[in-house]
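As stored in start-v8.cif (mmCIF, C-alpha atoms (C1' of nucleotides)):
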data_model
loop_
_atom_site.label_atom_id
_atom_site.label_comp_id
_atom_site.auth_asym_id
_atom_site.auth_seq_id
_atom_site.Cartn_x
_atom_site.Cartn_y
_atom_site.Cartn_z
CA MET A 1 107.06 103.45 87.80
CA PRO A 2 108.28 100.84 90.19
CA GLU A 3 108.45 97.34 88.75
CA LEU A 4 110.31 94.29 90.01
CA PRO A 5 113.80 95.82 89.78
CA GLU A 6 112.80 99.00 91.59
CA VAL A 7 111.00 97.03 94.29
CA GLU A 8 113.97 94.70 94.68
CA VAL A 9 116.42 97.61 94.89
CA THR A 10 114.16 99.12 97.52
CA ARG A 11 113.91 95.83 99.37
CA ARG A 12 117.66 95.40 99.56
CA ALA A 13 118.25 98.92 100.80
CA LEU A 14 115.45 98.74 103.34
CA SER A 15 116.40 95.28 104.49
CA ALA A 16 119.72 96.56 105.74
CA ASN A 17 118.00 99.36 107.64
CA LEU A 18 114.88 97.69 108.88
CA VAL A 19 115.28 94.04 109.71
CA GLY A 20 115.97 93.43 113.37
CA ARG A 21 114.77 96.83 114.53
CA ARG A 22 111.82 97.50 116.77
CA ILE A 23 109.17 99.91 115.60
CA ASP A 24 108.59 102.62 118.15
CA LYS A 25 106.38 105.34 116.80
CA VAL A 26 104.03 105.16 113.83
CA VAL A 27 102.79 108.35 112.23
CA THR A 28 100.05 108.26 109.63
CA THR A 29 98.92 111.40 107.89
CA ARG A 30 95.38 111.89 106.69
CA PRO A 31 93.50 108.73 105.75
CA SER A 32 93.54 107.89 102.06
CA TYR A 33 93.06 105.10 99.58
CA PHE A 34 96.63 104.26 100.34
CA PHE A 35 95.63 102.63 103.62
CA LEU A 36 93.85 99.33 103.10
CA THR A 37 94.09 98.84 106.84
CA PRO A 38 92.65 101.79 108.79
CA PRO A 39 95.47 104.08 109.95
CA ALA A 40 94.45 103.76 113.60
CA VAL A 41 94.69 99.96 113.44
CA LEU A 42 98.03 100.22 111.69
CA ARG A 43 99.44 102.53 114.35
CA ARG A 44 98.29 100.29 117.17
CA ARG A 45 99.46 97.04 115.58
CA LEU A 46 102.86 98.20 114.39
CA ALA A 47 104.02 99.97 117.51
CA GLY A 48 106.38 97.83 119.57
CA ARG A 49 106.83 95.16 116.90
CA ARG A 50 110.20 94.05 115.64
CA VAL A 51 110.72 93.52 111.91
CA THR A 52 112.15 90.05 111.32
CA ALA A 53 112.24 89.86 107.51
CA LEU A 54 111.56 91.83 104.38
CA ASP A 55 110.59 89.89 101.27
CA ARG A 56 109.39 90.68 97.80
CA HIS A 57 106.61 88.97 95.89
CA GLY A 58 106.36 90.38 92.39
CA LYS A 59 105.96 94.10 93.01
CA TYR A 60 104.84 93.68 96.61
CA LEU A 61 107.05 94.18 99.62
CA VAL A 62 106.16 92.07 102.61
CA GLY A 63 107.62 92.79 106.02
CA THR A 64 107.29 90.10 108.65
CA LEU A 65 106.81 91.17 112.27
CA ASP A 66 107.86 89.30 115.39
CA ASP A 67 104.25 88.40 116.23
CA GLY A 68 103.74 86.76 112.86
CA ALA A 69 101.76 89.60 111.30
CA ARG A 70 102.87 90.91 107.92
CA LEU A 71 103.04 94.40 106.55
CA LEU A 72 102.14 94.54 102.88
CA LEU A 73 103.45 97.47 100.85
CA HIS A 74 102.98 98.32 97.20
CA LEU A 75 104.58 101.33 95.57
CA GLY A 76 101.92 101.75 92.92
CA MET A 77 102.99 104.31 90.36
CA THR A 78 104.71 106.95 92.38
CA GLY A 79 105.45 105.36 95.71
CA GLN A 80 108.78 106.10 97.35
CA LEU A 81 110.25 104.51 100.44
CA PHE A 82 112.98 106.51 102.10
CA VAL A 83 115.47 105.69 104.75
CA ALA A 84 115.83 109.10 106.29
CA GLY A 85 119.33 110.12 107.16
CA ALA A 86 120.88 110.46 103.75
CA ARG A 87 120.04 113.74 102.11
CA ASN A 88 117.01 113.13 99.97
CA VAL A 89 118.09 115.35 97.12
CA ARG A 90 115.74 113.90 94.55
CA LEU A 91 112.82 114.29 96.89
CA TYR A 92 113.11 118.01 96.78
CA ARG A 93 113.67 118.12 93.06
CA THR A 94 110.45 116.16 92.66
CA ALA A 95 108.62 118.51 94.97
CA LYS A 96 109.44 121.44 92.74
CA ARG A 97 110.69 120.70 89.27
CA GLY A 98 113.28 123.06 87.90
CA ALA A 99 113.88 124.59 91.27
CA PRO A 100 117.52 125.00 92.21
CA LEU A 101 118.88 122.12 94.22
CA ALA A 102 119.34 123.52 97.66
CA PRO A 103 118.33 120.65 99.87
CA PRO A 104 117.21 121.52 103.36
CA PRO A 105 119.28 119.96 106.12
CA ALA A 106 116.66 117.41 107.05
CA PHE A 107 113.71 115.75 105.37
CA GLN A 108 110.42 117.39 106.14
CA PRO A 109 107.39 115.21 105.54
CA ASP A 110 105.23 116.90 102.94
CA GLU A 111 101.59 116.49 101.97
CA HIS A 112 102.43 113.31 100.05
CA THR A 113 104.07 111.52 102.96
CA HIS A 114 101.59 108.97 104.27
CA LEU A 115 103.50 106.89 106.74
CA ILE A 116 106.48 107.41 109.00
CA LEU A 117 108.00 104.67 111.10
CA SER A 118 110.51 105.48 113.78
CA PHE A 119 112.42 102.89 115.74
CA SER A 120 113.36 102.25 119.33
CA ASP A 121 117.09 102.56 118.56
CA GLY A 122 116.73 106.03 117.08
CA PRO A 123 117.26 107.13 113.46
CA PRO A 124 117.13 106.40 110.60
CA GLU A 125 113.38 106.49 110.15
CA LEU A 126 111.33 105.10 107.31
CA TYR A 127 109.10 107.30 105.14
CA PHE A 128 106.50 106.23 102.63
CA ARG A 129 105.68 108.97 100.17
CA ASP A 130 103.26 108.61 97.27
CA THR A 131 101.93 111.52 95.26
CA ARG A 132 99.27 109.71 93.28
CA LYS A 133 98.21 107.40 96.09
CA PHE A 134 98.15 104.31 93.91
CA GLY A 135 100.38 102.70 96.48
CA LYS A 136 98.99 100.33 99.07
CA CYS A 137 99.63 99.53 102.70
CA ALA A 138 97.95 96.72 104.58
CA LEU A 139 98.53 94.78 107.76
CA LEU A 140 97.90 91.05 107.53
CA GLU A 141 97.20 89.38 110.83
CA PRO A 142 99.23 86.24 111.70
CA GLY A 143 98.25 83.34 109.52
CA ALA A 144 95.97 85.44 107.36
CA ASN A 145 96.03 84.77 103.65
CA ASP A 146 95.91 87.57 101.18
CA ARG A 147 94.12 87.42 97.85
CA ARG A 148 96.57 89.82 96.23
CA LEU A 149 99.56 87.66 97.10
CA ASP A 150 97.81 84.36 96.45
CA LYS A 151 96.90 85.42 92.94
CA LEU A 152 100.47 86.18 91.90
CA GLY A 153 102.07 83.95 89.32
CA VAL A 154 105.67 82.79 89.34
CA ASP A 155 108.14 85.55 90.17
CA ALA A 156 109.66 86.97 87.00
CA LEU A 157 113.21 86.23 88.13
CA GLU A 158 112.32 82.54 88.38
CA ALA A 159 110.01 82.31 85.39
CA GLU A 160 110.49 79.74 82.63
CA GLY A 161 109.33 79.82 79.04
CA SER A 162 106.82 77.11 79.88
CA HIS A 163 105.02 79.40 82.35
CA LEU A 164 104.43 81.90 79.61
CA HIS A 165 103.61 79.34 76.96
CA ARG A 166 101.03 77.59 79.11
CA ALA A 167 99.18 80.86 79.69
CA ALA A 168 99.68 82.08 76.14
CA ARG A 169 98.01 79.12 74.47
CA ARG A 170 94.53 80.00 75.62
CA ARG A 171 94.74 83.78 75.27
CA ARG A 172 93.89 85.96 72.38
CA SER A 173 95.39 89.11 73.92
CA PRO A 174 98.68 90.62 72.73
CA VAL A 175 101.79 89.15 74.28
CA LYS A 176 102.66 92.39 76.01
CA THR A 177 99.31 92.47 77.78
CA LEU A 178 99.97 88.93 78.93
CA LEU A 179 103.41 89.89 80.26
CA LEU A 180 101.80 92.61 82.36
CA GLU A 181 99.42 90.15 83.99
CA GLN A 182 100.71 89.55 87.49
CA SER A 183 98.77 86.32 87.83
CA VAL A 184 100.87 84.75 85.08
CA ILE A 185 104.34 86.12 85.78
CA ALA A 186 104.73 88.53 88.69
CA GLY A 187 106.87 91.65 88.60
CA ILE A 188 106.88 92.86 85.01
CA GLY A 189 105.56 96.34 84.28
CA ASN A 190 105.38 98.59 81.28
CA ILE A 191 109.05 99.49 81.01
CA TYR A 192 110.55 96.03 81.25
CA ALA A 193 107.87 94.38 79.14
CA ASP A 194 108.83 96.66 76.25
CA GLU A 195 112.54 96.20 76.86
CA ALA A 196 112.31 92.41 77.08
CA LEU A 197 110.24 92.14 73.92
CA PHE A 198 112.84 94.20 72.12
CA PHE A 199 115.59 91.81 73.16
CA ALA A 200 113.44 88.82 72.25
CA GLY A 201 112.67 90.33 68.83
CA VAL A 202 108.92 89.97 69.32
CA ARG A 203 106.41 92.73 68.62
CA PRO A 204 104.26 93.69 71.62
CA ALA A 205 101.04 93.29 69.63
CA ARG A 206 101.75 89.70 68.61
CA SER A 207 98.92 87.38 69.49
CA SER A 208 99.75 85.31 72.57
CA ALA A 209 98.07 82.22 71.17
CA ARG A 210 100.38 82.19 68.17
CA LEU A 211 103.65 82.26 70.10
CA SER A 212 105.80 79.19 69.69
CA GLU A 213 107.41 77.49 72.65
CA ARG A 214 110.71 78.70 71.35
CA GLU A 215 109.54 82.31 71.28
CA CYS A 216 108.18 82.04 74.82
CA ASP A 217 111.57 80.77 75.93
CA ALA A 218 113.29 83.69 74.25
CA ILE A 219 110.88 86.20 75.78
CA VAL A 220 111.23 84.87 79.31
CA ARG A 221 115.00 84.68 78.99
CA ALA A 222 114.97 88.32 77.88
CA VAL A 223 112.72 89.22 80.81
CA ARG A 224 115.10 87.68 83.34
CA ARG A 225 118.13 89.25 81.70
CA VAL A 226 116.62 92.74 81.56
CA LEU A 227 115.36 92.59 85.13
CA ALA A 228 118.67 91.32 86.49
CA ARG A 229 120.55 94.06 84.67
CA ALA A 230 118.12 96.71 85.91
CA ILE A 231 118.60 95.55 89.50
CA GLU A 232 122.36 95.83 89.02
CA ARG A 233 121.91 99.39 87.82
CA GLY A 234 119.68 100.36 90.74
CA GLY A 235 116.40 100.42 88.81
CA SER A 236 114.98 103.00 86.41
CA SER A 237 114.45 106.57 87.59
CA ILE A 238 112.18 107.75 84.82
CA ASP A 239 109.38 109.52 86.63
CA ASP A 240 109.39 109.31 90.38
CA PHE A 241 111.42 106.32 91.39
CA VAL A 242 114.39 106.97 93.64
CA ARG A 243 116.31 104.61 95.84
CA PRO A 244 115.71 104.69 99.57
CA ASP A 245 118.75 106.92 100.03
CA GLY A 246 117.29 109.45 97.59
CA SER A 247 119.63 108.67 94.71
CA ASP A 248 118.57 107.86 91.16
CA GLY A 249 118.85 104.44 89.57
CA GLY A 250 120.73 104.07 86.31
CA TYR A 251 118.82 101.74 84.03
CA GLN A 252 116.87 104.56 82.37
CA ASP A 253 120.06 105.36 80.47
CA GLU A 254 120.17 101.83 79.07
CA ARG A 255 116.60 101.75 77.82
CA ARG A 256 116.39 100.57 74.24
CA VAL A 257 112.78 101.41 73.35
CA TYR A 258 110.65 102.43 76.34
CA ALA A 259 109.57 106.08 76.04
CA ARG A 260 111.87 106.57 73.09
CA THR A 261 109.18 107.17 70.49
CA GLY A 262 110.71 108.55 67.29
CA GLU A 263 114.27 107.99 68.40
CA PRO A 264 116.41 105.65 66.30
CA CYS A 265 116.45 101.97 67.24
CA PRO A 266 119.82 101.30 68.87
CA ARG A 267 120.27 98.26 66.64
CA CYS A 268 119.07 99.33 63.21
CA GLY A 269 118.25 103.03 63.37
CA THR A 270 114.58 102.70 62.45
CA PRO A 271 112.50 105.19 64.48
CA ILE A 272 110.90 103.57 67.53
CA ARG A 273 107.14 103.27 67.22
CA ARG A 274 104.55 103.77 69.91
CA ILE A 275 101.19 102.01 69.94
CA VAL A 276 98.54 101.57 72.60
CA LEU A 277 97.67 98.11 73.90
CA ALA A 278 95.05 97.59 76.58
CA GLY A 279 95.22 101.30 77.37
CA ARG A 280 98.98 101.25 77.89
CA SER A 281 101.67 102.57 75.59
CA ALA A 282 103.97 100.05 73.97
CA HIS A 283 107.24 100.90 72.24
CA TYR A 284 109.06 98.77 69.70
CA CYS A 285 111.15 98.62 66.57
CA LEU A 286 109.18 97.65 63.51
CA ARG A 287 112.22 96.15 61.89
CA CYS A 288 113.95 94.33 64.75
CA GLN A 289 110.76 92.89 66.22
CA ARG A 290 108.46 90.50 64.38
"C1'" DC B 1 86.96 81.91 82.30
"C1'" DA B 2 88.75 85.52 79.16
"C1'" DC B 3 88.66 90.05 78.22
"C1'" DT B 4 87.36 95.08 78.44
"C1'" DT B 5 86.28 99.20 80.75
"C1'" DC B 6 86.35 102.13 84.43
"C1'" DC B 7 88.23 104.19 88.38
"C1'" DC B 8 91.36 105.67 92.04
"C1'" DC B 9 95.04 110.33 92.02
"C1'" DT B 10 98.20 114.10 90.86
"C1'" DG B 11 101.66 116.50 88.00
"C1'" DC B 12 102.75 117.90 83.85
"C1'" DA B 13 102.24 119.23 78.98
"C1'" DA B 14 99.65 120.71 75.23
"C1'" DG B 15 96.03 123.55 73.46
"C1'" DC B 16 93.33 127.57 73.33
"C1'" DT C 1 100.02 134.50 80.65
"C1'" DG C 2 96.64 131.58 82.58
"C1'" DC C 3 93.16 128.68 82.25
"C1'" DT C 4 91.21 123.97 80.82
"C1'" DT C 5 91.81 119.48 79.16
"C1'" DG C 6 93.92 115.19 78.62
"C1'" DC C 7 97.16 111.87 79.56
"C1'" DA C 8 100.02 108.59 82.21
"C1'" DG C 9 99.77 104.23 84.70
"C1'" DG C 10 99.30 99.44 88.66
"C1'" DG C 11 95.82 96.90 89.78
"C1'" DG C 12 91.32 95.73 91.42
"C1'" DA C 13 86.30 95.68 90.67
"C1'" DA C 14 82.57 95.43 87.86
"C1'" DG C 15 80.60 94.56 83.48
"C1'" DT C 16 80.33 91.98 78.87
#

Take the structure in this file and express it as structure tokens.
Amino acid sequence: MPELPEVEVTRRALSANLVGRRIDKVVTTRPSYFFLTPPAVLRRRLAGRRVTALDRHGKYLVGTLDDGARLLLHLGMTGQLFVAGARNVRLYRTAKRGAPLAPPPAFQPDEHTHLILSFSDGPPELYFRDTRKFGKCALLEPGANDRRLDKLGVDALEAEGSHLHRAARRRRSPVKTLLLEQSVIAGIGNIYADEALFFAGVRPARSSARLSERECDAIVRAVRRVLARAIERGGSSIDDFVRPDGSDGGYQDERRVYARTGEPCPRCGTPIRRIVLAGRSAHYCLRCQR
DNA sequence: CACTTCCCCTGCAAGC
DNA sequence: TGCTTGCAGGGGAAGT
């Protein structure tokens, strides 16, 4: 599931292939929840526009167009952005698990490909694929504000302990639930919340209100460290995430606790526990985390 | 305002 | 073997 590192890895790869180019043709497949802006509007508004910047806000990607409009993209759970041209090996493995890897010569949009952008200078093209359709795509007219972006808290890479502590004081919810709240700190998802809490030595179920300033500092420092490392490793390819060239990230191999229920804690050997908080699974070491 | 619950969707795994 | 069921999860809306 794409969180800040995966979105940032995507942003960097796309940036090199997108910024400065003029959008020529826009193909949208069948309408779906994915499109917050009607596909017809999107096609009309994007065609002919040049992309001048690609930024990230939390887990959102925001492309700026030469007329001042912005293209808002969210990968949701299973969203994938591809720069076509490299062989999208993983794409085909995802399409049929266990099938032998015999990649076709060129990418063929499948039933999960929602958006294809081609450019005036020819290939590569850009594909947005999303099996579960939790991803989002919206066009923001020049000068328009967006509630989703306005609500975001400080970006996780720039967060300080004080940001967390201020929010924590008046909450009764578990600290992990608080970390997942994008309005407090933007960019953390289920994987990196668990990983950061492991490094900070704090149990995910700990009451937010009872965290000391010192603990909040430790947690946020762990968050920044884990995210930075995950970006370095190209993100986590656990379920569907792949980089825009189709290759896997590498951070999944460095996971300490996430989705390692029953496996020995890398520090002390105690089996990793799994609990459910706010409907989401949380993984931690009973002994290393207090 | 804080917090919970539900829902969107599909692929996969477990159970019968 | 083949069906059904349940689960996963980001985030927004609606309800408490």

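Look at DG6 in chain C: the protein and nucleic acid residues within 12 Å of it, using all atoms listed in the file and passing over chain neighbours fewer than 3 places away, are DC12, DA13, DA14 and DG15 of chain B.
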
Just-selected residues, C-alpha atoms (C1' of nucleotides) written as a short mmCIF file (atom, residue, chain, number, x, y, z; two decimals), in the frame of the given file:
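Output contents, as saved in part-v3.cif:
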data_model
loop_
_atom_site.label_atom_id
_atom_site.label_comp_id
_atom_site.auth_asym_id
_atom_site.auth_seq_id
_atom_site.Cartn_x
_atom_site.Cartn_y
_atom_site.Cartn_z
"C1'" DC B 12 102.75 117.90 83.85
"C1'" DA B 13 102.24 119.23 78.98
"C1'" DA B 14 99.65 120.71 75.23
"C1'" DG B 15 96.03 123.55 73.46
#

Skipping near chain neighbours, those fewer than 2 positions away, what residues fall within 12 Å of DG11 in chain C using all atoms listed in the file, listed as a PDB file with C-alpha atoms (C1' of nucleotides), keeping the file's coordinate frame?
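File selection.pdb, as written:
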ATOM      1  CA  LYS A  59     105.960  94.100  93.010  1.00  0.00           C
ATOM      2  CA  TYR A  60     104.840  93.680  96.610  1.00  0.00           C
ATOM      3  CA  HIS A  74     102.980  98.320  97.200  1.00  0.00           C
ATOM      4  CA  LEU A  75     104.580 101.330  95.570  1.00  0.00           C
ATOM      5  CA  GLY A  76     101.920 101.750  92.920  1.00  0.00           C
ATOM      6  CA  MET A  77     102.990 104.310  90.360  1.00  0.00           C
ATOM      7  CA  PHE A 134      98.150 104.310  93.910  1.00  0.00           C
ATOM      8  CA  GLY A 135     100.380 102.700  96.480  1.00  0.00           C
ATOM      9  CA  LYS A 136      98.990 100.330  99.070  1.00  0.00           C
ATOM     10  CA  ARG A 148      96.570  89.820  96.230  1.00  0.00           C
ATOM     11  CA  LYS A 151      96.900  85.420  92.940  1.00  0.00           C
ATOM     12  CA  LEU A 152     100.470  86.180  91.900  1.00  0.00           C
ATOM     13  CA  LEU A 180     101.800  92.610  82.360  1.00  0.00           C
ATOM     14  CA  GLU A 181      99.420  90.150  83.990  1.00  0.00           C
ATOM     15  CA  GLN A 182     100.710  89.550  87.490  1.00  0.00           C
ATOM     16  CA  SER A 183      98.770  86.320  87.830  1.00  0.00           C
ATOM     17  CA  GLY A 189     105.560  96.340  84.280  1.00  0.00           C
TER      18      GLY A 189
ATOM     19  C1'  DC B   7      88.230 104.190  88.380  1.00  0.00           C
ATOM     20  C1'  DC B   8      91.360 105.670  92.040  1.00  0.00           C
TER      21       DC B   8
ATOM     22  C1'  DG C   9      99.770 104.230  84.700  1.00  0.00           C
ATOM     23  C1'  DA C  13      86.300  95.680  90.670  1.00  0.00           C
TER      24       DA C  13
END

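The set of residues that the PyMOL selection byres ((chain B) within 9 of (chain A)) takes from this file is DA2, DC3, DT4, DC8, DC9, DT10 and DG11 of chain B.
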
Inset, instruction - Would you write out, as number ranges by chain, every residue that the PyMOL selection byres ((chain A and resi 70) around 8) captures in this file? - result: A: 62-65, 68-69, 71-72, 139-142

Inset, instruction - Fewer than 5 positions away in the same chain doesn't count, so skip those; otherwise give me all residues within 10 Å of range 161-167 of chain A, counting all atoms listed in the file, as a PyMOL selection string. - result: chain A and resi 153-154+175+178-179+183-185+208-221

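Among the candidate residues A:Asp55, A:Asp239, A:Asp253, A:Asp248, the one lying nearest to chain C is A:Asp239, with distances computed using all atoms listed in the file.
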
Legend entry - Gap from CA of Asp240 in chain A to CA of Gln252 in chain A - Å, one decimal: 11.9 Å

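Put simply, CA of Val41 in chain A is 20.4 Å away from CA of His112 in chain A.
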
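For the pair CA of Arg203 in chain A and CA of Arg233 in chain A, the interatomic distance is 25.6 Å.
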
Legend entry - Within 7 Å of Ala200 in chain A using only C-alpha atoms (C1' of nucleotides), minus same-chain residues under 2 positions, as a ChimeraX atom specification: /A:196-198,202,218-219,222

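Closest approach to Asp110 in chain A among A:Gln289, A:Arg30, A:Arg147, A:Ala40 is made by A:Arg30 (distances from all atoms listed in the file).
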
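Between DA8 in chain C and the candidates A:Arg290, A:Arg280, A:Arg229, A:Lys176, the tightest atom-to-atom separation, counting only C-alpha atoms (C1' of nucleotides), involves A:Arg280.
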
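When all atoms listed in the file are used to measure the gap to Ala47 in chain A, the shortest distance among A:Leu157, A:Ile23, A:Ile191, A:Ala259 belongs to A:Ile23.
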